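Chemist: Data file query23.csv (CSV, N, CA and C atoms) is appended below.
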```csv
chain,number,residue,atom,x,y,z
Z,206,MET,N,63.5,188.4,100.9
Z,206,MET,CA,62.9,187.4,101.8
Z,206,MET,C,61.4,187.5,101.6
Z,207,SER,N,60.8,186.5,101.0
Z,207,SER,CA,59.4,186.5,100.7
Z,207,SER,C,58.7,185.7,101.8
Z,208,GLU,N,57.5,186.1,102.1
Z,208,GLU,CA,56.7,185.5,103.1
Z,208,GLU,C,55.6,184.6,102.5
Z,209,PHE,N,55.5,183.4,103.0
Z,209,PHE,CA,54.6,182.4,102.4
Z,209,PHE,C,53.3,182.4,103.2
Z,210,SER,N,52.2,182.1,102.6
Z,210,SER,CA,50.9,182.1,103.3
Z,210,SER,C,50.6,180.7,103.9
Z,211,VAL,N,51.1,179.7,103.3
Z,211,VAL,CA,50.9,178.3,103.7
Z,211,VAL,C,52.2,177.5,103.6
Z,212,LEU,N,52.5,176.6,104.5
Z,212,LEU,CA,53.7,175.8,104.5
Z,212,LEU,C,53.3,174.5,103.9
Z,213,GLU,N,54.0,174.1,102.8
Z,213,GLU,CA,53.8,172.9,102.1
Z,213,GLU,C,54.8,171.9,102.6
Z,214,MET,N,54.4,170.7,102.8
Z,214,MET,CA,55.3,169.6,103.3
Z,214,MET,C,55.4,168.6,102.1
Z,215,GLU,N,56.7,168.2,101.9
Z,215,GLU,CA,56.9,167.2,100.9
Z,215,GLU,C,56.8,165.8,101.5
Z,216,GLN,N,56.1,164.9,100.8
Z,216,GLN,CA,56.0,163.5,101.3
Z,216,GLN,C,56.6,162.5,100.3
Z,217,GLY,N,57.5,163.0,99.5
Z,217,GLY,CA,58.1,162.1,98.5
Z,217,GLY,C,57.2,161.8,97.4
Z,218,ASN,N,57.4,160.7,96.7
Z,218,ASN,CA,56.6,160.3,95.6
Z,218,ASN,C,55.6,159.2,96.0
Z,219,SER,N,54.9,159.5,97.1
Z,219,SER,CA,53.9,158.5,97.5
Z,219,SER,C,52.6,158.5,96.7
Z,220,GLY,N,52.4,159.7,96.1
Z,220,GLY,CA,51.2,159.8,95.3
Z,220,GLY,C,49.9,160.1,96.0
Z,221,HIS,N,50.0,160.4,97.3
Z,221,HIS,CA,48.9,160.7,98.2
Z,221,HIS,C,48.5,162.2,98.1
Z,222,GLY,N,49.3,163.0,97.5
Z,222,GLY,CA,49.0,164.4,97.4
Z,222,GLY,C,49.9,165.2,98.4
Z,223,LYS,N,49.6,166.5,98.6
Z,223,LYS,CA,50.4,167.3,99.4
Z,223,LYS,C,49.7,167.7,100.7
Z,224,ILE,N,50.5,168.1,101.7
Z,224,ILE,CA,50.0,168.5,103.0
Z,224,ILE,C,50.4,170.0,103.1
Z,225,GLU,N,49.4,170.8,103.5
Z,225,GLU,CA,49.6,172.2,103.7
Z,225,GLU,C,49.3,172.6,105.2
Z,226,ILE,N,50.1,173.3,105.8
Z,226,ILE,CA,49.9,173.8,107.2
Z,226,ILE,C,49.8,175.3,107.2
Z,227,ALA,N,48.7,175.9,107.7
Z,227,ALA,CA,48.6,177.3,107.7
Z,227,ALA,C,49.4,177.8,108.9
Z,228,PRO,N,49.9,179.0,108.8
Z,228,PRO,CA,50.6,179.6,110.0
Z,228,PRO,C,49.8,179.7,111.2
Z,229,GLU,N,48.5,179.9,111.1
Z,229,GLU,CA,47.6,179.9,112.3
Z,229,GLU,C,47.7,178.6,113.1
Z,230,VAL,N,47.8,177.5,112.4
Z,230,VAL,CA,48.0,176.2,113.1
Z,230,VAL,C,49.2,176.2,113.9
Z,231,ILE,N,50.3,176.7,113.4
Z,231,ILE,CA,51.6,176.7,114.1
Z,231,ILE,C,51.4,177.7,115.3
Z,232,GLU,N,50.7,178.8,115.1
Z,232,GLU,CA,50.5,179.7,116.2
Z,232,GLU,C,49.7,179.1,117.4
Z,233,VAL,N,48.7,178.3,117.0
Z,233,VAL,CA,47.9,177.6,118.1
Z,233,VAL,C,48.8,176.6,118.8
Z,234,ILE,N,49.6,175.8,118.1
Z,234,ILE,CA,50.4,174.8,118.7
Z,234,ILE,C,51.5,175.5,119.6
Z,235,ALA,N,52.1,176.6,119.2
Z,235,ALA,CA,53.0,177.3,120.0
Z,235,ALA,C,52.4,177.9,121.2
Z,236,GLY,N,51.2,178.5,121.0
Z,236,GLY,CA,50.5,179.1,122.1
Z,236,GLY,C,50.1,178.1,123.2
Z,237,ILE,N,49.6,176.9,122.8
Z,237,ILE,CA,49.3,175.9,123.8
Z,237,ILE,C,50.6,175.4,124.5
Z,238,ALA,N,51.6,175.2,123.7
Z,238,ALA,CA,52.9,174.7,124.3
Z,238,ALA,C,53.4,175.7,125.3
Z,239,THR,N,53.3,177.0,125.0
Z,239,THR,CA,53.7,178.0,125.9
Z,239,THR,C,52.9,178.0,127.2
Z,240,SER,N,51.6,177.9,127.1
Z,240,SER,CA,50.8,178.0,128.3
Z,240,SER,C,51.0,176.8,129.2
Z,241,GLU,N,51.5,175.7,128.7
Z,241,GLU,CA,51.7,174.5,129.5
Z,241,GLU,C,52.9,174.6,130.4
Z,242,VAL,N,53.8,175.6,130.2
Z,242,VAL,CA,55.0,175.7,131.0
Z,242,VAL,C,54.7,176.4,132.3
Z,243,GLU,N,55.2,175.9,133.4
Z,243,GLU,CA,55.0,176.5,134.7
Z,243,GLU,C,55.8,177.8,134.8
Z,244,GLY,N,55.2,178.8,135.2
Z,244,GLY,CA,55.8,180.1,135.3
Z,244,GLY,C,55.3,181.1,134.4
Z,245,ILE,N,54.5,180.7,133.3
Z,245,ILE,CA,53.9,181.6,132.4
Z,245,ILE,C,52.6,182.0,133.0
Z,246,ALA,N,52.4,183.3,133.1
Z,246,ALA,CA,51.1,183.8,133.7
Z,246,ALA,C,50.1,184.0,132.6
Z,247,SER,N,50.4,184.6,131.5
Z,247,SER,CA,49.5,184.7,130.4
Z,247,SER,C,50.2,185.1,129.1
Z,248,MET,N,49.5,185.2,128.0
Z,248,MET,CA,50.0,185.6,126.8
Z,248,MET,C,49.5,187.0,126.5
Z,249,ARG,N,50.3,187.8,125.7
Z,249,ARG,CA,49.9,189.1,125.4
Z,249,ARG,C,49.0,189.1,124.2
Z,250,GLY,N,47.9,189.8,124.3
Z,250,GLY,CA,47.0,189.9,123.1
Z,250,GLY,C,46.7,191.4,123.0
Z,251,ASN,N,45.8,191.7,122.1
Z,251,ASN,CA,45.3,193.0,121.9
Z,251,ASN,C,43.9,193.2,122.5
Z,252,PHE,N,43.4,194.4,122.3
Z,252,PHE,CA,42.1,194.7,122.9
Z,252,PHE,C,41.0,193.7,122.4
Z,253,ALA,N,41.0,193.5,121.1
Z,253,ALA,CA,40.0,192.6,120.5
Z,253,ALA,C,40.0,191.2,121.0
Z,254,THR,N,41.2,190.6,121.2
Z,254,THR,CA,41.3,189.3,121.7
Z,254,THR,C,40.8,189.2,123.1
Z,255,GLY,N,41.0,190.3,123.9
Z,255,GLY,CA,40.5,190.4,125.3
Z,255,GLY,C,39.0,190.4,125.3
Z,256,VAL,N,38.4,191.1,124.4
Z,256,VAL,CA,36.9,191.2,124.4
Z,256,VAL,C,36.4,189.8,124.0
Z,257,VAL,N,37.0,189.2,123.0
Z,257,VAL,CA,36.5,187.9,122.5
Z,257,VAL,C,36.6,186.9,123.6
Z,258,GLU,N,37.7,186.9,124.4
Z,258,GLU,CA,37.9,185.9,125.5
Z,258,GLU,C,36.9,186.1,126.6
Z,259,ARG,N,36.5,187.4,126.8
Z,259,ARG,CA,35.5,187.6,127.8
Z,259,ARG,C,34.1,187.1,127.4
Z,260,LEU,N,33.9,187.0,126.1
Z,260,LEU,CA,32.7,186.4,125.6
Z,260,LEU,C,32.7,184.9,125.5
Z,261,GLY,N,33.8,184.3,125.9
Z,261,GLY,CA,33.8,182.9,126.1
Z,261,GLY,C,34.6,182.1,125.0
Z,262,LYS,N,35.2,182.8,124.0
Z,262,LYS,CA,36.0,182.1,123.0
Z,262,LYS,C,37.5,182.2,123.3
Z,263,LYS,N,38.2,181.1,123.5
Z,263,LYS,CA,39.6,181.1,123.8
Z,263,LYS,C,40.4,181.2,122.5
Z,264,ASN,N,41.4,182.1,122.5
Z,264,ASN,CA,42.2,182.3,121.4
Z,264,ASN,C,43.6,181.7,121.7
Z,265,HIS,N,43.9,180.5,121.3
Z,265,HIS,CA,45.1,179.8,121.7
Z,265,HIS,C,46.3,180.4,120.9
Z,266,GLY,N,46.1,181.1,119.9
Z,266,GLY,CA,47.2,181.7,119.1
Z,266,GLY,C,47.6,183.1,119.6
Z,267,LYS,N,47.0,183.6,120.7
Z,267,LYS,CA,47.2,184.9,121.2
Z,267,LYS,C,48.6,185.0,121.7
Z,268,GLY,N,49.3,186.1,121.3
Z,268,GLY,CA,50.6,186.4,121.7
Z,268,GLY,C,51.7,185.6,121.0
Z,269,VAL,N,51.3,185.0,119.9
Z,269,VAL,CA,52.3,184.3,119.1
Z,269,VAL,C,52.3,184.8,117.6
Z,270,LYS,N,53.5,185.0,117.1
Z,270,LYS,CA,53.6,185.5,115.7
Z,270,LYS,C,54.5,184.5,115.0
Z,271,VAL,N,54.0,184.0,113.9
Z,271,VAL,CA,54.8,183.0,113.1
Z,271,VAL,C,55.1,183.6,111.7
Z,272,GLU,N,56.4,183.5,111.4
Z,272,GLU,CA,56.8,183.9,110.1
Z,272,GLU,C,57.4,182.8,109.3
Z,273,LEU,N,56.8,182.5,108.1
Z,273,LEU,CA,57.3,181.4,107.3
Z,273,LEU,C,58.2,182.1,106.2
Z,274,THR,N,59.5,181.8,106.2
Z,274,THR,CA,60.4,182.4,105.2
Z,274,THR,C,61.1,181.2,104.5
Z,275,GLU,N,61.9,181.6,103.5
Z,275,GLU,CA,62.6,180.6,102.7
Z,275,GLU,C,63.6,179.9,103.6
Z,276,SER,N,64.1,180.5,104.6
Z,276,SER,CA,65.1,179.9,105.5
Z,276,SER,C,64.5,179.0,106.6
Z,277,GLY,N,63.2,179.1,106.8
Z,277,GLY,CA,62.5,178.3,107.8
Z,277,GLY,C,61.4,179.0,108.6
Z,278,ILE,N,61.0,178.4,109.7
Z,278,ILE,CA,59.9,178.9,110.5
Z,278,ILE,C,60.5,179.7,111.7
Z,279,LYS,N,60.0,181.0,111.8
Z,279,LYS,CA,60.4,181.8,113.0
Z,279,LYS,C,59.2,182.0,113.8
Z,280,VAL,N,59.3,181.7,115.1
Z,280,VAL,CA,58.2,181.9,116.1
Z,280,VAL,C,58.6,182.9,117.1
Z,281,ASP,N,57.7,183.9,117.3
Z,281,ASP,CA,57.9,184.9,118.3
Z,281,ASP,C,56.8,184.8,119.3
Z,282,VAL,N,57.1,184.7,120.6
Z,282,VAL,CA,56.1,184.5,121.6
Z,282,VAL,C,56.2,185.7,122.6
Z,283,TYR,N,55.0,186.4,122.8
Z,283,TYR,CA,55.0,187.5,123.7
Z,283,TYR,C,54.1,187.1,124.9
Z,284,CYS,N,54.8,187.0,126.1
Z,284,CYS,CA,54.2,186.5,127.3
Z,284,CYS,C,54.5,187.3,128.5
Z,285,LEU,N,53.6,187.1,129.6
Z,285,LEU,CA,53.9,187.6,130.9
Z,285,LEU,C,54.2,186.4,131.8
Z,286,MET,N,55.2,186.7,132.7
Z,286,MET,CA,55.6,185.6,133.6
Z,286,MET,C,55.2,185.9,135.0
Z,287,LYS,N,55.1,184.9,135.8
Z,287,LYS,CA,54.8,185.0,137.2
Z,287,LYS,C,55.9,185.6,137.9
Z,288,PHE,N,55.6,186.5,138.9
Z,288,PHE,CA,56.6,187.1,139.8
Z,288,PHE,C,57.4,186.0,140.6
Z,289,GLY,N,58.7,186.1,140.6
Z,289,GLY,CA,59.5,185.2,141.4
Z,289,GLY,C,60.1,184.1,140.6
Z,290,VAL,N,59.8,183.9,139.4
Z,290,VAL,CA,60.3,182.8,138.6
Z,290,VAL,C,61.7,183.2,138.0
Z,291,SER,N,62.5,182.3,137.6
Z,291,SER,CA,63.7,182.6,136.9
Z,291,SER,C,63.4,182.8,135.4
Z,292,ILE,N,63.4,184.0,134.9
Z,292,ILE,CA,63.0,184.3,133.5
Z,292,ILE,C,63.8,183.5,132.5
Z,293,PRO,N,65.2,183.4,132.6
Z,293,PRO,CA,65.9,182.6,131.6
Z,293,PRO,C,65.5,181.1,131.6
Z,294,THR,N,65.3,180.6,132.8
Z,294,THR,CA,64.9,179.2,132.9
Z,294,THR,C,63.6,178.9,132.3
Z,295,VAL,N,62.6,179.7,132.6
Z,295,VAL,CA,61.2,179.5,132.1
Z,295,VAL,C,61.2,179.8,130.6
Z,296,ALA,N,62.0,180.8,130.1
Z,296,ALA,CA,62.0,181.1,128.7
Z,296,ALA,C,62.6,179.9,127.9
Z,297,GLY,N,63.7,179.3,128.5
Z,297,GLY,CA,64.3,178.1,127.9
Z,297,GLY,C,63.3,176.9,127.8
Z,298,LYS,N,62.6,176.7,128.9
Z,298,LYS,CA,61.6,175.7,128.9
Z,298,LYS,C,60.5,175.9,127.8
Z,299,VAL,N,60.1,177.2,127.7
Z,299,VAL,CA,59.1,177.5,126.6
Z,299,VAL,C,59.7,177.2,125.2
Z,300,GLN,N,60.9,177.6,125.0
Z,300,GLN,CA,61.5,177.3,123.7
Z,300,GLN,C,61.6,175.8,123.4
Z,301,ASP,N,62.0,175.0,124.4
Z,301,ASP,CA,62.1,173.6,124.3
Z,301,ASP,C,60.7,173.0,124.0
Z,302,ASN,N,59.7,173.4,124.8
Z,302,ASN,CA,58.4,172.9,124.7
Z,302,ASN,C,57.8,173.2,123.3
Z,303,ILE,N,58.0,174.4,122.8
Z,303,ILE,CA,57.5,174.7,121.5
Z,303,ILE,C,58.2,173.9,120.4
Z,304,ARG,N,59.5,173.8,120.5
Z,304,ARG,CA,60.2,173.0,119.4
Z,304,ARG,C,59.7,171.5,119.5
Z,305,GLN,N,59.5,171.0,120.6
Z,305,GLN,CA,59.1,169.6,120.8
Z,305,GLN,C,57.7,169.4,120.2
Z,306,ALA,N,56.8,170.3,120.6
Z,306,ALA,CA,55.4,170.2,120.1
Z,306,ALA,C,55.3,170.3,118.6
Z,307,LEU,N,56.1,171.3,118.0
Z,307,LEU,CA,56.1,171.4,116.6
Z,307,LEU,C,56.6,170.2,115.9
Z,308,LEU,N,57.7,169.6,116.5
Z,308,LEU,CA,58.3,168.4,115.9
Z,308,LEU,C,57.3,167.2,115.9
Z,309,ASN,N,56.7,167.1,117.1
Z,309,ASN,CA,55.8,165.9,117.3
Z,309,ASN,C,54.5,166.1,116.4
Z,310,MET,N,54.0,167.3,116.3
Z,310,MET,CA,52.7,167.4,115.7
Z,310,MET,C,52.8,167.7,114.2
Z,311,THR,N,53.9,168.3,113.7
Z,311,THR,CA,54.0,168.7,112.3
Z,311,THR,C,55.2,168.1,111.6
Z,312,ALA,N,56.1,167.5,112.4
Z,312,ALA,CA,57.4,167.1,111.8
Z,312,ALA,C,58.2,168.2,111.3
Z,313,LEU,N,58.0,169.4,111.8
Z,313,LEU,CA,58.7,170.6,111.4
Z,313,LEU,C,59.6,171.1,112.5
Z,314,ASP,N,60.8,171.6,112.2
Z,314,ASP,CA,61.7,172.1,113.2
Z,314,ASP,C,61.8,173.6,113.0
Z,315,ALA,N,61.6,174.4,114.0
Z,315,ALA,CA,61.6,175.8,113.9
Z,315,ALA,C,63.1,176.3,113.9
Z,316,GLU,N,63.3,177.3,113.0
Z,316,GLU,CA,64.7,177.9,112.9
Z,316,GLU,C,64.9,178.7,114.1
Z,317,GLU,N,63.9,179.5,114.5
Z,317,GLU,CA,64.1,180.4,115.7
Z,317,GLU,C,62.8,180.3,116.5
Z,318,VAL,N,63.0,180.3,117.8
Z,318,VAL,CA,61.9,180.5,118.7
Z,318,VAL,C,62.3,181.6,119.7
Z,319,ASN,N,61.7,182.8,119.5
Z,319,ASN,CA,62.1,183.9,120.3
Z,319,ASN,C,61.1,184.2,121.3
Z,320,ILE,N,61.5,184.4,122.6
Z,320,ILE,CA,60.6,184.6,123.7
Z,320,ILE,C,60.7,186.1,124.1
Z,321,HIS,N,59.6,186.8,124.1
Z,321,HIS,CA,59.6,188.2,124.5
Z,321,HIS,C,58.8,188.3,125.8
Z,322,VAL,N,59.5,188.6,126.9
Z,322,VAL,CA,58.8,188.8,128.2
Z,322,VAL,C,58.3,190.3,128.2
Z,323,VAL,N,57.0,190.5,128.2
Z,323,VAL,CA,56.5,191.8,128.1
Z,323,VAL,C,55.9,192.3,129.4
Z,324,GLY,N,56.0,191.4,130.5
Z,324,GLY,CA,55.5,191.9,131.8
Z,324,GLY,C,55.7,190.8,132.8
Z,325,ILE,N,55.4,191.2,134.0
Z,325,ILE,CA,55.5,190.3,135.2
Z,325,ILE,C,54.1,190.4,135.9
Z,326,GLN,N,53.5,189.2,136.2
Z,326,GLN,CA,52.2,189.3,136.9
Z,326,GLN,C,52.5,188.9,138.3
Z,327,PHE,N,52.0,189.7,139.2
Z,327,PHE,CA,52.1,189.5,140.6
Z,327,PHE,C,50.9,188.7,141.1
Z,328,GLU,N,51.2,187.9,142.2
Z,328,GLU,CA,50.1,187.1,142.8
Z,328,GLU,C,49.1,188.1,143.4
Z,329,THR,N,47.8,187.9,143.0
Z,329,THR,CA,46.8,188.7,143.6
Z,329,THR,C,45.9,187.8,144.5
Z,330,GLN,N,45.7,188.3,145.6
Z,330,GLN,CA,44.8,187.5,146.5
Z,330,GLN,C,43.4,187.8,146.2
Z,331,LYS,N,42.7,186.7,146.0
Z,331,LYS,CA,41.2,186.8,145.7
Z,331,LYS,C,40.5,186.6,147.0
Z,332,ASN,N,39.8,187.6,147.4
Z,332,ASN,CA,39.0,187.5,148.6
Z,332,ASN,C,37.7,186.9,148.3
Z,333,GLU,N,37.4,185.7,148.8
Z,333,GLU,CA,36.1,185.1,148.6
Z,333,GLU,C,35.0,185.9,149.3
Z,334,PRO,N,33.9,186.2,148.6
Z,334,PRO,CA,32.9,187.0,149.3
Z,334,PRO,C,32.3,186.2,150.4
Z,335,GLU,N,32.1,186.9,151.5
Z,335,GLU,CA,31.5,186.2,152.7
Z,335,GLU,C,30.0,186.1,152.4
Z,336,ILE,N,29.4,185.0,152.7
Z,336,ILE,CA,28.0,184.8,152.5
Z,336,ILE,C,27.3,184.9,153.9
Z,337,ASP,N,26.5,185.8,154.0
Z,337,ASP,CA,25.7,186.0,155.3
Z,337,ASP,C,24.4,185.2,155.1
Z,338,SER,N,24.3,184.2,155.9
Z,338,SER,CA,23.0,183.4,155.9
Z,338,SER,C,22.2,183.7,157.1
Z,339,GLU,N,21.0,184.2,156.8
Z,339,GLU,CA,20.1,184.5,157.9
Z,339,GLU,C,19.1,183.3,158.0
Z,340,MET,N,19.0,182.8,159.2
Z,340,MET,CA,18.1,181.7,159.4
Z,340,MET,C,17.0,182.1,160.4
```
Now, as a test, write the supplied structure out as structure tokens.
Modeler:
Amino acid sequence: MSEFSVLEMEQGNSGHGKIEIAPEVIEVIAGIATSEVEGIASMRGNFATGVVERLGKKNHGKGVKVELTESGIKVDVYCLMKFGVSIPTVAGKVQDNIRQALLNMTALDAEEVNIHVVGIQFETQKNEPEIDSEM
């Protein structure tokens, strides 16, 4: 099973040339599609992506691994869900949303969309700081 670095799309004999889609593009599409689903708290990343996000750059491909094989596209999503949601229901919605986004944006159908729930995020109450105004 060989891994490809770029996915080439066939457009027939139109003579316009070829279209190549990098795996990073599929990662970004899958990451955004995942974050759109209600019940997803965040995506799992590593220390470097956490530091980069704190500096202001959003990594939409964080927590997504794409494998391009001869048999098709395999997408693995690593996410944290909000406490109290139905994990199977939210995971199914994520799978559907990723498949639909890939089909709409790239005309590609993923062979597998695997959801890995790596944690649960509890609601944290943010206490707004009280402002003492002296007049």
Chemist: In Å, with one decimal, what is the gap from atom CA of Thr311 of chain Z to atom CA of Val230 of chain Z?
Modeler: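 Distance between the two atoms: 9.6 Å.
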Chemist: Between Z:Pro228, Z:Val299, Z:Val271, Z:Glu328, which has the minimum distance to Ser240 of chain Z (counting only N, CA and C atoms)?
Modeler: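 The closest residue to Ser240 of chain Z is Z:Val299.
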Chemist: Smallest atom-to-atom distance to Val295 of chain Z: which of Z:Gly324, Z:Gly244, Z:Gly222, Z:Gly277, using only N, CA and C atoms?
Modeler: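 Once distances to Val295 of chain Z are computed over only N, CA and C atoms, the minimum belongs to Z:Gly244.
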Chemist: Could you tell me which of Z:Ala235, Z:Thr274, Z:His221, Z:Glu243 comes closest to Val290 of chain Z if we count all atoms listed in the file?
Modeler: Z:Glu243
Chemist: What's the 8 Å shell around segment 283-285 of chain Z, counting all atoms listed in the file, without same-chain residues fewer than 4 positions away, as a list in words?
Modeler: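 Neighbouring residues, sequence-local ones excluded: Gly244, Ile245, Ala246, Ser247, Met248, Arg249, Gly250, Lys267, Gly268, Val269, Lys270, Asn319, Ile320, His321, Val322, Val323, Gly324, Ile325 and Gln326 of chain Z.
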Chemist: May I have all residues of segment 220-325 of chain Z that DSSP, computed from the backbone, assigns to helix (DSSP H, G or I), given as a PyMOL selection string?
Modeler: chain Z and resi 228-240+252-259+292-311
Chemist: To one decimal in Å, tell me the separation between atom CA of Lys279 of chain Z and atom C of Glu317 of chain Z.
Modeler: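 For atom CA of Lys279 of chain Z relative to atom C of Glu317 of chain Z, the distance reads 4.5 Å.
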Chemist: What's the separation between atom CA of Ile292 of chain Z and atom CA of Glu232 of chain Z, in Å to one decimal place?
Modeler: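 These atoms are spaced 21.8 Å apart.
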Chemist: Counting only C-alpha atoms, figure out which residue out of Z:Val318, Z:Ala227, Z:Ile237, Z:Ala306 gets nearest to Asp281 of chain Z.
Modeler: Z:Val318
Chemist: Considering only N, CA and C atoms, can you say which of Z:Arg304, Z:Glu225, Z:Ala315, Z:Gly236 comes closest to Ser276 of chain Z?
Modeler: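 Looking only at the distances to Ser276 of chain Z, the closest residue turns out to be Z:Ala315.
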Chemist: Which one of Z:Ala238, Z:Glu316, Z:Leu307, Z:Asp301 sits closest to Val280 of chain Z if you count only N, CA and C atoms?
Modeler: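 Nearest to Val280 of chain Z: Z:Glu316.
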